[in-house]
file final.cif (mmCIF, C-alpha atoms and all ligand atoms)
data_model
#
loop_
_atom_site.label_atom_id
_atom_site.label_comp_id
_atom_site.auth_asym_id
_atom_site.auth_seq_id
_atom_site.Cartn_x
_atom_site.Cartn_y
_atom_site.Cartn_z
CA MET A 30 25.28 1.93 -19.19
CA ALA A 31 22.76 0.90 -21.82
CA THR A 32 23.72 1.29 -25.48
CA TYR A 33 21.26 1.99 -28.26
CA GLU A 34 21.96 -1.41 -29.81
CA THR A 35 21.37 -3.45 -26.66
CA ILE A 36 18.17 -1.59 -25.88
CA LYS A 37 16.90 -1.94 -29.45
CA GLN A 38 17.57 -5.67 -29.22
CA LYS A 39 15.75 -5.90 -25.90
CA LEU A 40 12.75 -4.07 -27.34
CA GLU A 41 12.63 -6.25 -30.44
CA THR A 42 12.69 -9.39 -28.30
CA ASN A 43 9.77 -8.06 -26.27
CA LYS A 44 7.87 -6.48 -29.20
CA GLN A 45 8.08 -3.03 -27.61
CA GLU A 46 9.93 -1.11 -30.38
CA GLN A 47 7.43 1.79 -30.14
CA LEU A 48 9.43 3.15 -27.21
CA LEU A 49 12.21 4.27 -29.58
CA HIS A 50 9.82 5.69 -32.18
CA PHE A 51 10.91 9.30 -31.53
CA TYR A 52 14.52 8.53 -30.58
CA GLU A 53 16.05 10.29 -33.59
CA GLN A 54 14.20 13.51 -32.69
CA LEU A 55 15.73 13.72 -29.21
CA ASN A 56 18.91 15.50 -28.17
CA GLU A 57 21.82 13.44 -26.84
CA GLU A 58 20.95 13.87 -23.19
CA GLU A 59 17.31 12.91 -23.77
CA GLN A 60 18.42 9.88 -25.76
CA ARG A 61 20.69 8.69 -22.95
CA ASP A 62 17.96 9.28 -20.45
CA LEU A 63 15.35 7.37 -22.44
CA LEU A 64 17.70 4.40 -22.90
CA ASN A 65 18.25 4.33 -19.14
CA GLN A 66 14.54 4.39 -18.45
CA ILE A 67 13.95 1.49 -20.81
CA GLU A 68 16.84 -0.43 -19.28
CA GLN A 69 15.07 -0.30 -15.90
CA ILE A 70 11.93 -1.99 -17.22
CA ASP A 71 11.65 -5.65 -16.30
CA PHE A 72 9.73 -6.97 -19.29
CA ASP A 73 9.57 -10.48 -17.83
CA GLN A 74 7.65 -9.03 -14.88
CA LEU A 75 5.20 -7.37 -17.27
CA GLU A 76 4.38 -10.82 -18.60
CA THR A 77 3.01 -11.73 -15.16
CA ALA A 78 0.50 -8.91 -15.59
CA ASN A 79 -1.09 -10.72 -18.47
CA GLN A 80 -2.03 -13.71 -16.40
CA LYS A 81 -5.68 -13.71 -15.49
CA ASP A 82 -6.72 -13.77 -11.86
CA GLU A 83 -7.43 -17.30 -10.81
CA GLU A 84 -10.99 -18.32 -11.65
CA ASN A 85 -13.16 -20.72 -9.69
CA ALA A 86 -11.09 -20.36 -6.55
CA ARG A 87 -12.50 -22.02 -3.44
CA ILE A 88 -13.52 -19.23 -1.07
CA THR A 89 -13.89 -20.00 2.62
CA ALA A 90 -14.03 -17.95 5.80
CA LEU A 91 -11.39 -17.31 8.44
CA PRO A 92 -12.69 -17.05 12.00
CA SER A 93 -12.44 -13.60 13.54
CA HIS A 94 -12.35 -12.41 17.14
CA THR A 95 -14.19 -9.47 18.64
CA THR A 96 -13.53 -7.89 22.02
CA GLU A 97 -16.82 -9.37 23.28
CA MET A 98 -15.23 -12.79 23.03
CA PHE A 99 -12.76 -11.89 25.78
CA SER A 100 -13.40 -11.10 29.43
CA PRO A 101 -12.44 -7.63 30.76
CA GLU A 102 -9.50 -9.26 32.59
CA GLU A 103 -8.31 -10.95 29.41
CA LEU A 104 -8.53 -7.67 27.52
CA THR A 105 -6.57 -5.84 30.21
CA LYS A 106 -3.89 -8.51 30.12
CA MET A 107 -3.81 -8.39 26.33
CA ARG A 108 -3.29 -4.64 26.28
CA GLU A 109 -0.63 -4.83 28.98
CA HIS A 110 1.18 -7.46 26.97
CA GLY A 111 1.09 -5.18 23.91
CA CYS A 112 2.38 -2.30 26.00
CA SER A 113 5.30 -4.34 27.26
CA LEU A 114 6.22 -5.33 23.70
CA ILE A 115 6.22 -1.67 22.71
CA ALA A 116 8.19 -0.66 25.80
CA ASP A 117 10.74 -3.43 25.08
CA GLY A 118 11.30 -2.06 21.57
CA LYS A 119 9.70 -5.01 19.77
CA VAL A 120 7.41 -2.97 17.52
CA ALA A 121 8.03 -0.74 14.48
CA ILE A 122 5.48 1.05 12.32
CA VAL A 123 5.27 1.14 8.53
CA LEU A 124 3.01 3.69 6.90
CA LEU A 125 1.98 3.34 3.27
CA ALA A 126 1.97 6.82 1.81
CA GLY A 127 3.23 6.36 -1.73
CA GLY A 128 -0.14 6.46 -3.48
CA GLN A 129 -1.32 9.11 -5.92
CA GLY A 130 -4.64 9.80 -4.24
CA THR A 131 -6.28 10.34 -7.62
CA ARG A 132 -9.82 10.06 -6.24
CA LEU A 133 -9.15 12.72 -3.61
CA GLY A 134 -7.65 15.06 -6.18
CA HIS A 135 -5.66 16.99 -3.58
CA ASP A 136 -2.63 18.96 -4.69
CA GLY A 137 0.11 17.25 -2.67
CA PRO A 138 0.57 14.04 -0.69
CA LYS A 139 -2.69 12.64 0.74
CA GLY A 140 -1.23 12.83 4.26
CA THR A 141 -1.13 16.62 4.04
CA VAL A 142 -4.92 17.08 3.84
CA ASN A 143 -6.26 18.38 7.11
CA MET A 144 -9.47 18.57 9.09
CA ASP A 145 -9.57 22.27 9.99
CA GLY A 146 -7.12 24.22 7.86
CA SER A 147 -4.09 23.53 10.03
CA PRO A 148 -1.21 21.08 9.41
CA GLU A 149 -1.71 19.98 13.02
CA THR A 150 -4.86 18.12 11.95
CA SER A 151 -3.41 16.66 8.76
CA LEU A 152 -3.60 12.89 8.28
CA PHE A 153 0.16 12.72 8.87
CA ALA A 154 -0.15 14.74 12.09
CA LEU A 155 -3.04 12.62 13.43
CA GLN A 156 -0.87 9.53 13.15
CA ALA A 157 2.22 11.27 14.56
CA LYS A 158 0.22 12.37 17.57
CA ARG A 159 -0.99 8.85 18.31
CA ILE A 160 2.60 7.67 18.20
CA GLN A 161 3.64 10.49 20.50
CA ALA A 162 0.91 9.63 23.02
CA LEU A 163 2.00 5.98 23.10
CA GLN A 164 5.63 6.96 23.51
CA HIS A 165 4.67 9.14 26.42
CA GLU A 166 2.67 6.36 28.05
CA MET A 167 5.34 3.71 27.51
CA ASN A 168 8.37 5.92 27.92
CA THR A 169 9.94 4.64 24.73
CA THR A 170 10.52 5.53 21.08
CA LEU A 171 8.70 3.84 18.23
CA PRO A 172 10.54 3.66 14.89
CA TRP A 173 8.31 5.01 12.12
CA TYR A 174 9.00 4.04 8.50
CA ILE A 175 7.11 6.02 5.91
CA MET A 176 6.88 4.79 2.34
CA THR A 177 6.69 7.52 -0.27
CA SER A 178 7.04 7.34 -4.05
CA PRO A 179 8.91 9.48 -6.59
CA ILE A 180 5.77 11.60 -7.09
CA ASN A 181 5.48 12.70 -3.45
CA ASP A 182 8.78 12.02 -1.69
CA ASP A 183 10.10 15.61 -1.71
CA ALA A 184 6.76 17.13 -0.71
CA THR A 185 6.28 14.60 2.12
CA LYS A 186 9.72 15.21 3.59
CA ALA A 187 9.26 18.98 3.31
CA PHE A 188 5.92 18.77 5.14
CA PHE A 189 7.47 16.89 8.05
CA HIS A 190 10.44 19.25 8.13
CA ASP A 191 8.30 22.41 8.02
CA ASN A 192 6.16 21.08 10.87
CA GLN A 193 9.06 19.93 13.09
CA TYR A 194 8.03 16.30 12.66
CA PHE A 195 4.92 17.05 14.71
CA GLY A 196 6.92 16.77 17.91
CA LEU A 197 8.54 13.44 17.07
CA ASN A 198 12.26 12.97 17.05
CA ARG A 199 13.64 13.46 13.55
CA ASP A 200 15.78 10.32 13.93
CA GLN A 201 12.88 8.00 14.62
CA VAL A 202 11.28 8.78 11.25
CA THR A 203 12.71 7.07 8.16
CA PHE A 204 11.38 7.73 4.67
CA PHE A 205 11.89 5.16 1.95
CA GLN A 206 10.65 5.16 -1.62
CA GLN A 207 8.69 2.56 -3.50
CA GLU A 208 9.43 1.83 -7.14
CA VAL A 209 7.49 2.75 -10.26
CA SER A 210 5.95 0.64 -13.00
CA PRO A 211 4.96 1.43 -16.59
CA ALA A 212 1.49 1.47 -18.11
CA LEU A 213 0.24 -0.69 -20.98
CA THR A 214 -2.09 -0.05 -23.91
CA PRO A 215 -4.94 -2.57 -24.30
CA ASP A 216 -2.69 -4.55 -26.66
CA GLY A 217 0.15 -4.75 -24.16
CA LYS A 218 2.46 -1.97 -25.40
CA VAL A 219 4.39 0.06 -22.83
CA MET A 220 3.22 3.70 -23.07
CA LEU A 221 5.24 6.90 -23.44
CA ALA A 222 4.40 10.04 -21.45
CA ASP A 223 6.20 12.12 -24.07
CA LYS A 224 8.77 11.47 -26.79
CA ALA A 225 11.59 11.14 -24.29
CA THR A 226 9.84 9.67 -21.27
CA VAL A 227 8.32 6.29 -20.49
CA PHE A 228 5.07 6.73 -18.55
CA GLN A 229 5.72 5.58 -14.99
CA ALA A 230 3.54 5.58 -11.85
CA PRO A 231 4.00 4.18 -8.32
CA ASN A 232 3.92 0.38 -8.54
CA GLY A 233 1.14 -0.12 -5.98
CA ASN A 234 1.36 -0.65 -2.24
CA GLY A 235 2.61 -4.21 -2.81
CA GLY A 236 5.95 -2.66 -3.72
CA VAL A 237 6.50 -2.09 -0.02
CA PHE A 238 8.27 -5.33 0.90
CA VAL A 239 10.90 -5.29 -1.83
CA SER A 240 11.52 -1.60 -1.19
CA MET A 241 11.94 -2.23 2.55
CA GLN A 242 14.36 -4.98 1.79
CA LYS A 243 16.35 -2.94 -0.73
CA ALA A 244 16.55 -0.06 1.74
CA GLY A 245 17.99 -2.46 4.36
CA ILE A 246 15.00 -1.90 6.65
CA LEU A 247 14.01 -5.54 7.12
CA ALA A 248 17.59 -6.51 7.96
CA LYS A 249 17.82 -3.64 10.41
CA LEU A 250 14.56 -4.59 12.11
CA GLN A 251 15.75 -8.15 12.46
CA SER A 252 19.13 -7.17 13.82
CA THR A 253 17.50 -4.94 16.42
CA ASN A 254 15.18 -7.77 17.52
CA ILE A 255 11.99 -6.07 16.43
CA LYS A 256 9.31 -8.71 16.23
CA TRP A 257 6.21 -6.96 14.89
CA ILE A 258 5.57 -4.43 12.16
CA PHE A 259 2.37 -2.42 12.55
CA PHE A 260 1.31 -1.65 9.02
CA ASN A 261 -1.33 0.89 7.97
CA ASN A 262 -2.61 3.25 5.27
CA ILE A 263 -2.31 7.00 5.30
CA ASP A 264 -5.99 7.64 4.69
CA ASN A 265 -7.76 6.29 7.79
CA ALA A 266 -8.38 9.37 9.94
CA LEU A 267 -9.17 7.20 12.99
CA VAL A 268 -6.40 4.65 12.83
CA GLN A 269 -5.09 3.68 16.26
CA VAL A 270 -1.47 3.44 15.24
CA ALA A 271 0.42 0.67 17.08
CA ASP A 272 -2.70 -0.14 19.13
CA PRO A 273 -1.33 -2.05 22.19
CA LEU A 274 -4.48 -4.19 22.47
CA PHE A 275 -4.09 -5.35 18.88
CA ILE A 276 -0.37 -5.99 19.39
CA GLY A 277 -1.09 -8.06 22.51
CA TYR A 278 -3.77 -9.96 20.59
CA ALA A 279 -1.44 -10.70 17.65
CA ASP A 280 1.37 -11.85 19.88
CA GLN A 281 -0.92 -14.18 21.80
CA GLN A 282 -2.34 -15.61 18.57
CA GLY A 283 1.17 -16.14 17.22
CA ALA A 284 0.14 -16.04 13.54
CA ASP A 285 2.50 -14.62 10.90
CA ILE A 286 -0.12 -11.93 10.24
CA SER A 287 -2.93 -10.47 12.31
CA SER A 288 -5.39 -8.13 10.63
CA LYS A 289 -7.93 -5.73 11.99
CA SER A 290 -11.28 -5.77 10.27
CA VAL A 291 -14.61 -4.03 10.57
CA LYS A 292 -17.91 -5.72 9.92
CA LYS A 293 -19.19 -4.83 6.45
CA ALA A 294 -21.77 -2.04 6.70
CA GLU A 295 -24.12 -4.26 4.68
CA PRO A 296 -23.53 -7.53 2.81
CA GLY A 297 -23.45 -5.62 -0.48
CA GLU A 298 -20.75 -3.15 0.59
CA LYS A 299 -18.11 -3.08 -2.12
CA VAL A 300 -15.03 -3.90 -0.08
CA GLY A 301 -12.47 -6.68 0.01
CA VAL A 302 -13.03 -9.21 2.79
CA LEU A 303 -10.55 -11.24 4.79
CA GLY A 304 -10.93 -14.95 4.22
CA GLN A 305 -9.28 -17.87 2.47
CA ARG A 306 -8.75 -18.56 -1.19
CA ASN A 307 -8.04 -22.24 -1.80
CA GLY A 308 -7.29 -22.66 1.89
CA LYS A 309 -4.79 -19.77 2.09
CA PRO A 310 -5.26 -16.44 3.90
CA SER A 311 -6.35 -13.79 1.39
CA VAL A 312 -8.21 -10.60 0.71
CA ILE A 313 -11.14 -11.55 -1.49
CA GLU A 314 -12.40 -8.79 -3.73
CA TYR A 315 -16.09 -7.94 -3.87
CA SER A 316 -16.20 -8.99 -7.52
CA GLU A 317 -14.85 -12.45 -6.71
CA LEU A 318 -17.73 -13.29 -4.39
CA THR A 319 -21.04 -14.75 -5.48
CA GLU A 320 -24.22 -13.08 -4.22
CA GLU A 321 -24.63 -15.94 -1.75
CA GLN A 322 -21.07 -15.55 -0.43
CA ARG A 323 -21.57 -11.79 0.02
CA GLN A 324 -24.44 -12.60 2.39
CA GLN A 325 -22.57 -15.29 4.31
CA PRO A 326 -22.24 -14.25 8.00
CA GLU A 327 -18.65 -15.59 8.21
CA LEU A 328 -17.52 -13.51 5.22
CA GLN A 329 -18.23 -10.06 6.64
CA ASP A 330 -14.74 -8.98 7.78
CA ALA A 331 -13.87 -5.99 5.61
CA ASN A 332 -10.16 -5.39 5.11
CA ILE A 333 -9.25 -1.93 6.45
CA GLY A 334 -5.54 -2.04 5.76
CA ILE A 335 -4.37 -2.47 9.35
CA HIS A 336 -2.10 -5.40 9.94
CA LEU A 337 0.65 -6.73 12.15
CA PHE A 338 3.32 -8.69 10.31
CA LYS A 339 6.00 -10.77 11.97
CA VAL A 340 9.35 -9.39 10.84
CA ASP A 341 10.63 -12.95 10.26
CA PHE A 342 7.72 -13.67 7.95
CA LEU A 343 8.38 -10.58 5.84
CA GLU A 344 12.09 -11.27 5.70
CA GLN A 345 11.27 -14.71 4.27
CA THR A 346 8.69 -13.51 1.78
CA ALA A 347 10.07 -10.15 0.60
CA ASN A 348 11.82 -11.79 -2.35
CA ARG A 349 8.64 -13.33 -3.69
CA VAL A 350 7.63 -11.68 -6.93
CA LEU A 351 4.09 -10.39 -6.46
CA PRO A 352 1.91 -10.24 -9.58
CA TYR A 353 0.83 -7.00 -11.18
CA HIS A 354 -2.87 -6.18 -11.27
CA PHE A 355 -4.40 -4.11 -14.06
CA ALA A 356 -6.08 -0.80 -13.27
CA HIS A 357 -7.94 0.70 -16.23
CA LYS A 358 -7.07 4.44 -16.11
CA LYS A 359 -6.86 7.66 -18.10
CA ILE A 360 -3.21 7.96 -19.02
CA ALA A 361 -1.69 11.14 -20.45
CA THR A 362 0.38 9.98 -23.39
CA ILE A 363 1.29 10.86 -26.99
CA ASP A 364 -0.10 9.62 -30.28
CA GLU A 365 1.90 8.22 -33.21
CA GLN A 366 2.71 11.75 -34.38
CA GLY A 367 4.02 12.64 -30.93
CA VAL A 368 1.06 14.90 -30.14
CA ALA A 369 -0.04 15.00 -26.47
CA VAL A 370 -3.22 13.03 -25.65
CA HIS A 371 -5.28 13.75 -22.54
CA PRO A 372 -8.00 11.11 -22.76
CA ALA A 373 -11.50 11.65 -21.42
CA GLU A 374 -11.94 7.89 -20.96
CA PRO A 375 -9.54 5.23 -19.68
CA ASN A 376 -7.08 4.39 -22.45
CA GLY A 377 -4.59 2.10 -20.77
CA TYR A 378 -3.68 0.03 -17.77
CA LYS A 379 -1.55 1.01 -14.82
CA LEU A 380 0.20 -1.92 -13.23
CA GLU A 381 -0.07 -2.23 -9.49
CA LYS A 382 1.04 -4.71 -6.89
CA PHE A 383 -1.07 -5.27 -3.78
CA TYR A 384 0.54 -5.90 -0.40
CA PHE A 385 -2.06 -8.51 0.45
CA ASP A 386 -0.71 -10.82 -2.22
CA VAL A 387 1.79 -11.94 0.46
CA PHE A 388 -1.04 -13.19 2.67
CA PRO A 389 -1.25 -16.67 1.09
CA TYR A 390 2.37 -17.29 2.13
CA ALA A 391 1.45 -16.91 5.81
CA SER A 392 0.98 -20.17 7.67
CA LYS A 393 -1.82 -18.56 9.66
CA MET A 394 -3.64 -15.24 9.82
CA SER A 395 -5.84 -14.14 12.71
CA ILE A 396 -8.49 -11.46 12.50
CA PHE A 397 -9.49 -8.94 15.13
CA GLN A 398 -12.81 -7.29 14.32
CA VAL A 399 -13.11 -3.78 15.73
CA ASP A 400 -15.75 -1.08 15.90
CA ARG A 401 -16.03 0.84 12.63
CA ALA A 402 -17.27 4.03 14.28
CA ASN A 403 -14.17 4.23 16.47
CA GLU A 404 -11.48 2.98 14.17
CA PHE A 405 -12.29 3.45 10.51
CA LEU A 406 -12.83 6.71 8.67
CA PRO A 407 -11.22 6.43 5.24
CA VAL A 408 -10.47 9.59 3.28
CA LYS A 409 -10.62 8.42 -0.32
CA ASN A 410 -12.82 11.00 -2.07
CA LYS A 411 -13.46 14.72 -1.82
CA THR A 412 -17.16 14.39 -1.10
CA GLY A 413 -19.72 11.66 -0.49
CA LYS A 414 -18.91 8.21 0.90
CA ASP A 415 -15.42 7.77 2.45
CA SER A 416 -14.60 11.41 1.89
CA LEU A 417 -12.70 14.32 3.33
CA GLU A 418 -16.01 16.12 3.72
CA GLU A 419 -17.30 13.27 5.91
CA ALA A 420 -14.08 13.18 7.98
CA LYS A 421 -14.19 16.95 8.55
CA GLU A 422 -17.73 16.66 9.89
CA ARG A 423 -16.57 14.06 12.38
CA PHE A 424 -13.62 16.16 13.54
CA ASN A 425 -15.27 19.57 13.76
P1 LIG B 501 -5.41 3.45 -2.37
O1 LIG B 501 -5.59 2.13 -2.99
O2 LIG B 501 -6.58 4.11 -1.77
O3 LIG B 501 -4.70 4.40 -3.45
O4 LIG B 501 -4.24 3.30 -1.30
P2 LIG B 501 -4.39 5.96 -3.39
O5 LIG B 501 -3.24 6.17 -4.31
O6 LIG B 501 -4.19 6.49 -2.01
O7 LIG B 501 -5.70 6.62 -3.96
P3 LIG B 501 -6.39 6.50 -5.40
O8 LIG B 501 -6.79 5.07 -5.58
O9 LIG B 501 -5.38 6.95 -6.43
O10 LIG B 501 -7.55 7.43 -5.32
C1 LIG B 501 -4.30 2.61 -0.10
C2 LIG B 501 -3.00 2.89 0.63
O11 LIG B 501 -1.90 2.39 -0.14
C3 LIG B 501 -0.97 3.43 -0.39
C4 LIG B 501 -1.76 4.71 -0.28
O12 LIG B 501 -0.90 5.79 0.00
C5 LIG B 501 -2.73 4.39 0.85
O13 LIG B 501 -2.11 4.53 2.11
N1 LIG B 501 -0.34 3.26 -1.70
C6 LIG B 501 -1.11 3.07 -2.81
C7 LIG B 501 1.01 3.29 -1.78
O14 LIG B 501 1.72 3.48 -0.76
N2 LIG B 501 1.59 3.14 -3.01
C8 LIG B 501 0.87 2.94 -4.13
O15 LIG B 501 1.46 2.79 -5.22
C9 LIG B 501 -0.53 2.90 -4.03
#
call {"tool": "encode", "arguments": {"input": "final.cif", "output": "structure tokens"}}
result
Amino acid sequence: MATYETIKQKLETNKQEQLLHFYEQLNEEEQRDLLNQIEQIDFDQLETANQKDEENARITALPSHTTEMFSPEELTKMREHGCSLIADGKVAIVLLAGGQGTRLGHDGPKGTVNMDGSPETSLFALQAKRIQALQHEMNTTLPWYIMTSPINDDATKAFFHDNQYFGLNRDQVTFFQQEVSPALTPDGKVMLADKATVFQAPNGNGGVFVSMQKAGILAKLQSTNIKWIFFNNIDNALVQVADPLFIGYADQQGADISSKSVKKAEPGEKVGVLGQRNGKPSVIEYSELTEEQRQQPELQDANIGIHLFKVDFLEQTANRVLPYHFAHKKIATIDEQGVAVHPAEPNGYKLEKFYFDVFPYASKMSIFQVDRANEFLPVKNKTGKDSLEEAKERFN
């Protein structure tokens, strides 16, 4: 239990005394609560956020495969191999659903948005149904791990409960929560949401590995001889969850990670591409590429957030501390007088970890390029590009 003195000391050491600015105005319970919140903050980790992304990195391509590179017989064999891995219980699924979905602006978890007014066409249901179809075909059960965050955990669980898990067995679905991280002012001060509360938001999808480890999931997967984790986002309305062809491909390639990609719609599309940074597998952000590199035919594999990770690889890398990235955002906070501030412009930085920061630790990554029209329909915004409006048109 944190005492006022130890916390004050900790804040002085880290030049973050502003967090106790309103302490004397709080009641006893609020004071205790605030001290506990501050105790949870790992200030050493925040230091990593201040390090600049590596400049002048050497960017090179990673070769990718398309289905055209394989004969029909090879593809059939590949799919059958994937099916047998699923049937033998070698595959589990991890869904990232802890995000805030700020761009979509939907009231509730992103997975609850639907295509035609019914929960049966929600993003969660679409994925559940794919799992159900595979289970039916393979006569097996696929364990499904769903990552939520403190902001949407209750609502997500309630949605599954109210909809009878969309026909899945309640026991095959496990929810686990990611952690939160604070936000910083431009001069590096941790922000308060109100006098008694440190501003906290989900710590980015890169929180997934540590959270899986802390929840005992990685150990469980290892002890039950699961070899592959199919890993995907909540917001792709066309994702082929646990695609047997992709699983067969990954197992034949034998890399620590296999990733699906789609060809960039045009060289200037603002997406991260799969490639190598200084000889290591990586997602390379649009902003990191020169105009020439954006045009390069070998650097056209857009990352679509669909991956297969070897369980052994994740078990070995889960303890690695991934860096925080800055996201310049509007953060509801208080001013020095304690008055609420709802900024019209970004006023601080949320700190987020990205799951693909584990990629460089993989000895090898293979890429399977698939057809965008069949497999990628991201629901990021309400209208326009990558939107719910667009997805609804496709579905109705
Ligand atoms: P996005 O980067 O699109 O973030 O997430 P988001 O929170 O859904 O939406 P915006 O950016 O606020 O509009 C890609 C995937 O990573 C998950 C999301 O749920 C989505 O499946 N994610 C993101 C998490 O699980 N946790 C996070 O902290 C952030």
call {"tool": "residues_near_ligand", "arguments": {"input": "final.cif", "ligand": "ligand LIG 501 (chain B)", "cutoff": "8 Å", "atoms": "all atoms listed in the file", "output": "count of residues only"}}
result
34
call {"tool": "atom_distance", "arguments": {"input": "final.cif", "atom1": "CA of Lys158 (chain A)", "atom2": "CA of Gln281 (chain A)"}}
result
26.9 Å
call {"tool": "atom_distance", "arguments": {"input": "final.cif", "atom1": "CA of Ala361 (chain A)", "atom2": "CA of Phe228 (chain A)"}}
result
8.3 Å
call {"tool": "closest_residue", "arguments": {"input": "final.cif", "among": "A:Ala157, A:Gln282, A:Arg108, A:Ile88", "to": "Leu328 (chain A)", "atoms": "only C-alpha atoms"}}
result
A:Ile88
call {"tool": "atom_distance", "arguments": {"input": "final.cif", "atom1": "CA of Gln251 (chain A)", "atom2": "CA of Gln206 (chain A)"}}
result
20.0 Å
call {"tool": "closest_atom_pairs", "arguments": {"input": "final.cif", "of": "region 256-367 of chain A", "to": "region 115-118 of chain A", "cutoff": "10 Å", "atoms": "all atoms listed in the file", "output": "Markdown table"}}
result
| residue | atom | partner | partner_atom | distance |
| --- | --- | --- | --- | --- |
| A:Lys256 | CA | A:Gly118 | CA | 8.8 |
| A:Trp257 | CA | A:Ile115 | CA | 9.4 |
| A:Ala271 | CA | A:Ile115 | CA | 8.4 |
| A:Asp272 | CA | A:Ile115 | CA | 9.7 |
| A:Pro273 | CA | A:Ile115 | CA | 7.6 |
| A:Ile276 | CA | A:Ile115 | CA | 8.6 |
| A:Gly277 | CA | A:Ile115 | CA | 9.7 |
call {"tool": "residues_around", "arguments": {"input": "final.cif", "residues": "Lys289 (chain A)", "least_positions_apart": "4", "cutoff": "9 Å", "atoms": "only C-alpha atoms", "output": "list in words"}}
result
Phe275, Asp330, Ala331, Asn332, Ile333, Gly334, Ile335, His336, Leu337, Ser395, Ile396, Phe397, Gln398 and Val399 of chain A
call {"tool": "closest_residue", "arguments": {"input": "final.cif", "among": "A:Lys243, A:His50, A:Arg349, A:Lys411", "to": "Gly367 (chain A)", "atoms": "all atoms listed in the file"}}
result
A:His50
call {"tool": "residues_around", "arguments": {"input": "final.cif", "residues": "region 353-360 of chain A", "least_positions_apart": "5", "cutoff": "6 Å", "atoms": "all atoms listed in the file", "output": "VMD selection string"}}
result
chain A and resid 78 372 374 to 382
call {"tool": "residues_around", "arguments": {"input": "final.cif", "residues": "Asp200 (chain A)", "least_positions_apart": "5", "cutoff": "12 Å", "atoms": "all atoms listed in the file", "output": "PyMOL selection string"}}
result
chain A and resi 170-174+190+193-194
call {"tool": "residues_near_point", "arguments": {"input": "final.cif", "point": "(-0.1, -16.9, 3.2)", "cutoff": "10 Å", "atoms": "only C-alpha atoms", "output": "ChimeraX atom specification"}}
result
/A:285-286,305-306,308-311,342,346,385-394
call {"tool": "closest_residue", "arguments": {"input": "final.cif", "among": "A:Val202, A:Met220, A:Val312, A:Val302", "to": "Ala121 (chain A)", "atoms": "all atoms listed in the file"}}
result
A:Val202
call {"tool": "residues_around", "arguments": {"input": "final.cif", "residues": "region 186-188 of chain A", "least_positions_apart": "5", "cutoff": "10 Å", "atoms": "all atoms listed in the file", "output": "PyMOL selection string"}}
result
chain A and resi 137-138+140-141+148+153+175+177+181+193-195+203-204
call {"tool": "write_last_selection", "arguments": {"input": "final.cif", "atoms": "C-alpha atoms", "output": "PDB file, in the frame of the given file"}}
result
ATOM      1  CA  GLY A 137       0.110  17.250  -2.670  1.00  0.00           C
ATOM      2  CA  PRO A 138       0.570  14.040  -0.690  1.00  0.00           C
ATOM      3  CA  GLY A 140      -1.230  12.830   4.260  1.00  0.00           C
ATOM      4  CA  THR A 141      -1.130  16.620   4.040  1.00  0.00           C
ATOM      5  CA  PRO A 148      -1.210  21.080   9.410  1.00  0.00           C
ATOM      6  CA  PHE A 153       0.160  12.720   8.870  1.00  0.00           C
ATOM      7  CA  ILE A 175       7.110   6.020   5.910  1.00  0.00           C
ATOM      8  CA  THR A 177       6.690   7.520  -0.270  1.00  0.00           C
ATOM      9  CA  ASN A 181       5.480  12.700  -3.450  1.00  0.00           C
ATOM     10  CA  GLN A 193       9.060  19.930  13.090  1.00  0.00           C
ATOM     11  CA  TYR A 194       8.030  16.300  12.660  1.00  0.00           C
ATOM     12  CA  PHE A 195       4.920  17.050  14.710  1.00  0.00           C
ATOM     13  CA  THR A 203      12.710   7.070   8.160  1.00  0.00           C
ATOM     14  CA  PHE A 204      11.380   7.730   4.670  1.00  0.00           C
TER      15      PHE A 204
END
call {"tool": "closest_residue", "arguments": {"input": "final.cif", "among": "A:Tyr384, A:Leu267, A:Val370, A:His110", "to": "Gln156 (chain A)", "atoms": "all atoms listed in the file"}}
result
A:Leu267
call {"tool": "axis_aligned_box", "arguments": {"input": "final.cif", "around": "region 146-151 of chain A", "padding_each_side": "8 Å", "output": "lines of an AutoDock Vina configuration file"}}
result
center_x = -4.2
center_y = 20.4
center_z = 10.4
size_x = 21.9
size_y = 23.6
size_z = 21.2
call {"tool": "closest_residue", "arguments": {"input": "final.cif", "among": "A:Leu63, A:Ile160, A:Ala154, A:Ala225", "to": "Val120 (chain A)", "atoms": "only C-alpha atoms"}}
result
A:Ile160
